[in-house]
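Written below as structure tokens is the structure these notes are about.
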Amino acid sequence: MDRDDPTVWGELSAPELASYDTDGYAILDELLTPAEVAELTTDTDRLATDADLRADDRVVVEKSSNRVRSVFEVHRLSTLVAELVRQERIAGLARQVLGSEVYLHQSRVNYMPGFTGTGFYWHSDFETWHAEDGMPAPRAVSLSIALTDNHPCNGSLMVMPGSHRTFVPCQGETPPDHYRASLREQRIGVPAQSALADLADKHGIAQFTGARGAALLFDSNLLHGSSNNITPLPRANLFLVFNSVENALDTPYAAPAPRPEHIAARDVTPVR
Ligand code: 6CS
Ligand code: FE
């Protein structure tokens, strides 16, 4: 389906965002300094190794190893992340694109260890957020900040530039409580191979690479995914999702019950 909603709801003043409307994403090469990344990494590594957190629902471990894949709600677990989110160079990007006050819909760190890191199959985040979380419109942006260098070879994110203008409804139904399994390996809510083939043919595939501190700002409906990481080089990214306060979550459009608040926040207090 063609998308009716705009991609940019506000005014873009940052020159790095010039191609955001057309491509559905923009790369910010040096969003954080190496010193800032080093400080953040101390905190995010602590979260991944904290024995007390292991049993917490916010921690997702890999399907076939005991390694931590994601930690959710990191802005509540790390004061450094909380302070970072509020900064104008971070939340200000989301306000420019979304044209309103914004709040954090989701925050997480994705850890992709060397050798054994497993990828994320092709998906549109908005498809999941609409169906399972009740997000009305694709008026949200994600900021993925590289905490390690993102090379072409270590499972870096692939995107289909321009695919954000097409909404691909996914087949099947959302089973109750499937979100834990889905965060390890998404099988439900992924587009049909024929749709992916058509869109790849039309738009091509690009990849987000960059040194630690680089960031990718992308539209909630952009098709993206990543391969496994068999290199010795780990990849970790801090992932922040901002939603417009005018796009607050409703009841899910295609799931029996909403996902928990650490995955999809319902408190729309603006980030300031
Ligand atoms: O569940 C989420 O909110 C996000 N994570 C996955 C693996 N797929 C959909 C969305 O990107
Ligand atoms: Fe995603």
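Following the order of the structure tokens, chains are lettered A, B, ..., residues in each are numbered from 1, and ligands are numbered from 1.
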
Would you mind listing the residues within 6 Å of ligand 1, counting only C-alpha atoms and all ligand atoms, as a short mmCIF file (atom, residue, chain, number, x, y, z; two decimals) with N, CA, C and O atoms, in the first residue's frame?
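Saved result, part.cif, follows:
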data_model
loop_
_atom_site.label_atom_id
_atom_site.label_comp_id
_atom_site.auth_asym_id
_atom_site.auth_seq_id
_atom_site.Cartn_x
_atom_site.Cartn_y
_atom_site.Cartn_z
N ASP A 125 9.62 -1.50 11.33
CA ASP A 125 9.29 -1.35 12.74
C ASP A 125 7.84 -0.92 12.91
O ASP A 125 7.13 -1.40 13.80
N THR A 128 5.15 -3.58 13.19
CA THR A 128 5.03 -4.17 14.54
C THR A 128 4.39 -3.18 15.50
O THR A 128 3.51 -3.54 16.29
N LEU A 183 11.49 -11.20 19.67
CA LEU A 183 12.65 -10.33 19.88
C LEU A 183 13.96 -11.12 19.75
O LEU A 183 15.03 -10.54 19.62
N GLN A 186 12.54 -12.89 14.68
CA GLN A 186 11.22 -12.47 14.24
C GLN A 186 10.76 -13.33 13.08
O GLN A 186 11.40 -13.41 12.04
#

List the neighbours of range 71-83 of chain A out to 9 Å using only C-alpha atoms; skip same-chain residues closer than 6 positions along the sequence, and give me the result as a list in words.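 Close residues of range 71-83 of chain A: Glu39, Leu40, Asp43, Thr44, Leu47, Ala48, Asp57, Arg58, Val59, Val60, Val61, Gln106, Ser107, Arg108, Val109, Asn110, Tyr111, Leu238, Leu240, Glu261, His262 and Ile263 of chain A.
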
Non-local contacts of Arg184 in chain A (7 Å; only C-alpha atoms; under 2 positions in same chain excluded) as a PyMOL selection string: chain A and resi 62-63+180-182+186

Surroundings of ligand 2 up to 8 Å, based on only C-alpha atoms and all ligand atoms, as JSON, numbers by chain: {"A": [120, 123, 124, 125, 224, 225]}

Using Å and a single decimal, report how far CA of Ala264 in chain A sits from CA of Leu217 in chain A.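 Going from CA of Leu217 in chain A over to CA of Ala264 in chain A, I get 18.9 Å.
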
Find the spatial neighbours of Gly114 in chain A, counting only C-alpha atoms, within a cut-off of 8 Å - ignore same-chain residues fewer than 3 positions away - and output them as a list of chain:residue names.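 Residues meeting the cut-off are A:Gly117, A:Asn154, A:Asn229, A:Ile230, A:Thr231, A:Pro232, A:Leu233, A:Pro234, A:Arg235.
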
Let me see the file: selected residues, all heavy atoms, as a JSON list (two decimals), in the first residue's frame.
[["chain", "number", "residue", "atom", "x", "y", "z"],
["A", 117, "GLY", "N", 26.94, -13.62, 16.80],
["A", 117, "GLY", "CA", 25.83, -12.67, 16.77],
["A", 117, "GLY", "C", 24.83, -13.02, 15.67],
["A", 117, "GLY", "O", 25.22, -13.30, 14.55],
["A", 154, "ASN", "N", 30.33, -6.90, 9.69],
["A", 154, "ASN", "CA", 29.98, -7.41, 11.02],
["A", 154, "ASN", "C", 28.50, -7.22, 11.39],
["A", 154, "ASN", "O", 28.17, -6.84, 12.51],
["A", 154, "ASN", "CB", 30.93, -6.88, 12.12],
["A", 154, "ASN", "CG", 30.84, -5.36, 12.33],
["A", 154, "ASN", "OD1", 30.34, -4.64, 11.48],
["A", 154, "ASN", "ND2", 31.31, -4.91, 13.47],
["A", 229, "ASN", "N", 26.61, -12.11, 12.45],
["A", 229, "ASN", "CA", 27.98, -11.60, 12.54],
["A", 229, "ASN", "C", 28.95, -12.75, 12.84],
["A", 229, "ASN", "O", 29.10, -13.15, 13.98],
["A", 229, "ASN", "CB", 28.06, -10.55, 13.65],
["A", 229, "ASN", "CG", 29.45, -9.96, 13.78],
["A", 229, "ASN", "OD1", 30.29, -10.14, 12.89],
["A", 229, "ASN", "ND2", 29.69, -9.26, 14.88],
["A", 230, "ILE", "N", 29.61, -13.24, 11.79],
["A", 230, "ILE", "CA", 30.58, -14.32, 12.00],
["A", 230, "ILE", "C", 32.00, -13.78, 12.12],
["A", 230, "ILE", "O", 32.95, -14.54, 12.26],
["A", 230, "ILE", "CB", 30.52, -15.39, 10.87],
["A", 230, "ILE", "CG1", 30.84, -14.76, 9.51],
["A", 230, "ILE", "CG2", 29.17, -16.09, 10.86],
["A", 230, "ILE", "CD1", 31.15, -15.79, 8.42],
["A", 231, "THR", "N", 32.17, -12.46, 12.05],
["A", 231, "THR", "CA", 33.51, -11.90, 12.20],
["A", 231, "THR", "C", 33.87, -11.86, 13.69],
["A", 231, "THR", "O", 32.99, -11.95, 14.55],
["A", 231, "THR", "CB", 33.59, -10.46, 11.64],
["A", 231, "THR", "OG1", 32.93, -9.56, 12.57],
["A", 231, "THR", "CG2", 32.93, -10.34, 10.28],
["A", 232, "PRO", "N", 35.15, -11.68, 14.01],
["A", 232, "PRO", "CA", 35.51, -11.54, 15.43],
["A", 232, "PRO", "C", 35.14, -10.16, 15.99],
["A", 232, "PRO", "O", 35.32, -9.91, 17.18],
["A", 232, "PRO", "CB", 37.03, -11.70, 15.43],
["A", 232, "PRO", "CG", 37.41, -12.13, 14.06],
["A", 232, "PRO", "CD", 36.33, -11.71, 13.14],
["A", 233, "LEU", "N", 34.62, -9.27, 15.14],
["A", 233, "LEU", "CA", 34.40, -7.88, 15.54],
["A", 233, "LEU", "C", 32.99, -7.68, 16.07],
["A", 233, "LEU", "O", 32.02, -7.72, 15.28],
["A", 233, "LEU", "CB", 34.61, -6.96, 14.33],
["A", 233, "LEU", "CG", 35.86, -7.22, 13.48],
["A", 233, "LEU", "CD1", 35.79, -6.45, 12.16],
["A", 233, "LEU", "CD2", 37.11, -6.88, 14.27],
["A", 234, "PRO", "N", 32.82, -7.46, 17.37],
["A", 234, "PRO", "CA", 31.47, -7.29, 17.89],
["A", 234, "PRO", "C", 30.84, -5.99, 17.37],
["A", 234, "PRO", "O", 31.53, -5.06, 17.00],
["A", 234, "PRO", "CB", 31.67, -7.22, 19.41],
["A", 234, "PRO", "CG", 33.10, -6.99, 19.65],
["A", 234, "PRO", "CD", 33.85, -7.33, 18.39],
["A", 235, "ARG", "N", 29.52, -5.96, 17.36],
["A", 235, "ARG", "CA", 28.81, -4.75, 16.96],
["A", 235, "ARG", "C", 27.76, -4.46, 18.02],
["A", 235, "ARG", "O", 26.99, -5.34, 18.40],
["A", 235, "ARG", "CB", 28.12, -4.97, 15.61],
["A", 235, "ARG", "CG", 27.42, -3.74, 15.07],
["A", 235, "ARG", "CD", 26.79, -4.02, 13.71],
["A", 235, "ARG", "NE", 25.55, -4.75, 13.84],
["A", 235, "ARG", "CZ", 24.34, -4.18, 13.88],
["A", 235, "ARG", "NH1", 24.22, -2.87, 13.80],
["A", 235, "ARG", "NH2", 23.26, -4.90, 13.99]]

Which of these, A:Glu88, A:Asp52, A:Glu132, A:Asp149, has the shortest distance to Asp29 in chain A once you count only C-alpha atoms?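 Under the stated criterion, the closest residue is A:Asp149.
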
Please tabulate, as JSON lines, the residues of range 93-171 of chain A that come within 9 Å of range 12-15 of chain A, each with its closest pair of atoms and the distance in Å to one decimal, counting only C-alpha atoms and ordering rows by chain, then residue number upward.
{"residue": "A:Leu93", "atom": "CA", "partner": "A:Ala14", "partner_atom": "CA", "distance": 7.9}
{"residue": "A:Gln96", "atom": "CA", "partner": "A:Leu12", "partner_atom": "CA", "distance": 5.4}
{"residue": "A:Val97", "atom": "CA", "partner": "A:Leu12", "partner_atom": "CA", "distance": 6.4}

Residues near Ala265 in chain A, anyone? I mean within 10 Å using only C-alpha atoms, not counting same-chain ones fewer than 6 positions away, as a short mmCIF file (atom, residue, chain, number, x, y, z; two decimals) with C-alpha atoms, in the first residue's frame.
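The new file selection20.cif reads:
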data_model
loop_
_atom_site.label_atom_id
_atom_site.label_comp_id
_atom_site.auth_asym_id
_atom_site.auth_seq_id
_atom_site.Cartn_x
_atom_site.Cartn_y
_atom_site.Cartn_z
CA GLU A 73 14.45 0.58 28.61
CA TYR A 103 8.54 11.13 23.80
CA LEU A 104 10.52 7.89 23.97
CA HIS A 105 8.51 4.97 22.63
CA GLN A 106 11.32 2.44 23.10
CA SER A 107 15.01 2.36 24.01
CA ASP A 133 1.48 -1.68 20.14
CA ASN A 243 7.28 9.10 18.76
CA ALA A 248 0.08 8.27 21.27
CA LEU A 249 -0.53 4.52 21.37
CA ARG A 259 3.13 -5.45 24.67
#

Closest of A:Glu11, A:Ala257, A:Thr22, A:Lys202 to Asp177 in chain A - atom-to-atom distances counting only C-alpha atoms: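 Smallest separation from Asp177 in chain A among the options: A:Ala257.
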
Please identify all polymer residues within 10 Å of Ala254 in chain A, counting only C-alpha atoms, omitting same-chain residues fewer than 3 positions from it, and present them as a short mmCIF file (atom, residue, chain, number, x, y, z; two decimals) with N, CA and C atoms, in the first residue's frame.
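Saved as selection_9.cif:
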data_model
loop_
_atom_site.label_atom_id
_atom_site.label_comp_id
_atom_site.auth_asym_id
_atom_site.auth_seq_id
_atom_site.Cartn_x
_atom_site.Cartn_y
_atom_site.Cartn_z
N GLU A 127 5.27 -1.60 11.23
CA GLU A 127 4.30 -2.69 11.10
C GLU A 127 4.07 -3.32 12.48
N THR A 128 5.15 -3.58 13.19
CA THR A 128 5.03 -4.17 14.54
C THR A 128 4.39 -3.18 15.50
N TRP A 129 4.81 -1.92 15.45
CA TRP A 129 4.31 -0.94 16.42
C TRP A 129 2.83 -0.65 16.19
N HIS A 130 2.40 -0.69 14.94
CA HIS A 130 0.99 -0.49 14.61
C HIS A 130 0.17 -1.71 15.06
N ALA A 131 0.59 -2.88 14.59
CA ALA A 131 -0.19 -4.11 14.86
C ALA A 131 -0.17 -4.46 16.35
N GLU A 132 1.01 -4.43 16.95
CA GLU A 132 1.14 -5.00 18.30
C GLU A 132 1.09 -3.96 19.42
N ASP A 133 1.45 -2.71 19.09
CA ASP A 133 1.48 -1.68 20.14
C ASP A 133 0.37 -0.64 19.98
N GLY A 134 -0.31 -0.62 18.83
CA GLY A 134 -1.39 0.35 18.63
C GLY A 134 -0.91 1.74 18.25
N GLY A 172 -0.77 -13.48 8.47
CA GLY A 172 -0.81 -14.26 9.70
C GLY A 172 -1.38 -13.43 10.84
N GLU A 173 -1.48 -14.05 11.98
CA GLU A 173 -2.02 -13.38 13.16
C GLU A 173 -0.96 -13.32 14.24
N THR A 174 -1.10 -12.35 15.13
CA THR A 174 -0.16 -12.22 16.24
C THR A 174 -0.62 -13.13 17.37
N PRO A 175 0.13 -14.19 17.69
CA PRO A 175 -0.30 -15.05 18.80
C PRO A 175 -0.13 -14.33 20.13
N THR A 251 -5.22 1.02 21.32
CA THR A 251 -5.20 -0.44 21.48
C THR A 251 -4.57 -1.03 20.22
N ALA A 257 -3.35 -8.39 22.83
CA ALA A 257 -3.06 -7.51 23.98
C ALA A 257 -1.82 -6.69 23.70
N PRO A 258 -1.74 -5.48 24.27
CA PRO A 258 -0.54 -4.66 24.02
C PRO A 258 0.71 -5.28 24.64
#

Given only C-alpha atoms as the counted atoms, nearest of A:Ala215, A:Val159, A:Arg67, A:Leu147 to Thr42 in chain A: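 Selected residue with least distance to Thr42 in chain A: A:Leu147.
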
If we count only C-alpha atoms and set the cut-off at 10 Å, which residues sit around range 194-201 of chain A, ignoring sequence neighbours fewer than 6 positions away in its own chain? Please answer as a list in words.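 Using only C-alpha atoms, the neighbours found are Trp122, His123, Val159, Met160, Pro161, Gly162, Ser163, Thr166, Val168, Pro169, Cys170 and Leu223 of chain A.
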
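Counting only C-alpha atoms, the residue from A:Thr209, A:Asn221, A:Thr41, A:Asn247 that sits nearest to Met158 in chain A is A:Thr209.
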
Which residues in range 88-270 of chain A does DSSP call strand (DSSP E)? List them as a count of residues only. 39

Can you work out which one of A:Val268, A:Arg165, A:Arg86, A:Thr118 has the shortest atom-to-atom distance to Ser70 in chain A, counting only C-alpha atoms? A:Thr118

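Between CA of Tyr253 in chain A and CA of Ile90 in chain A there is a distance of 29.7 Å.
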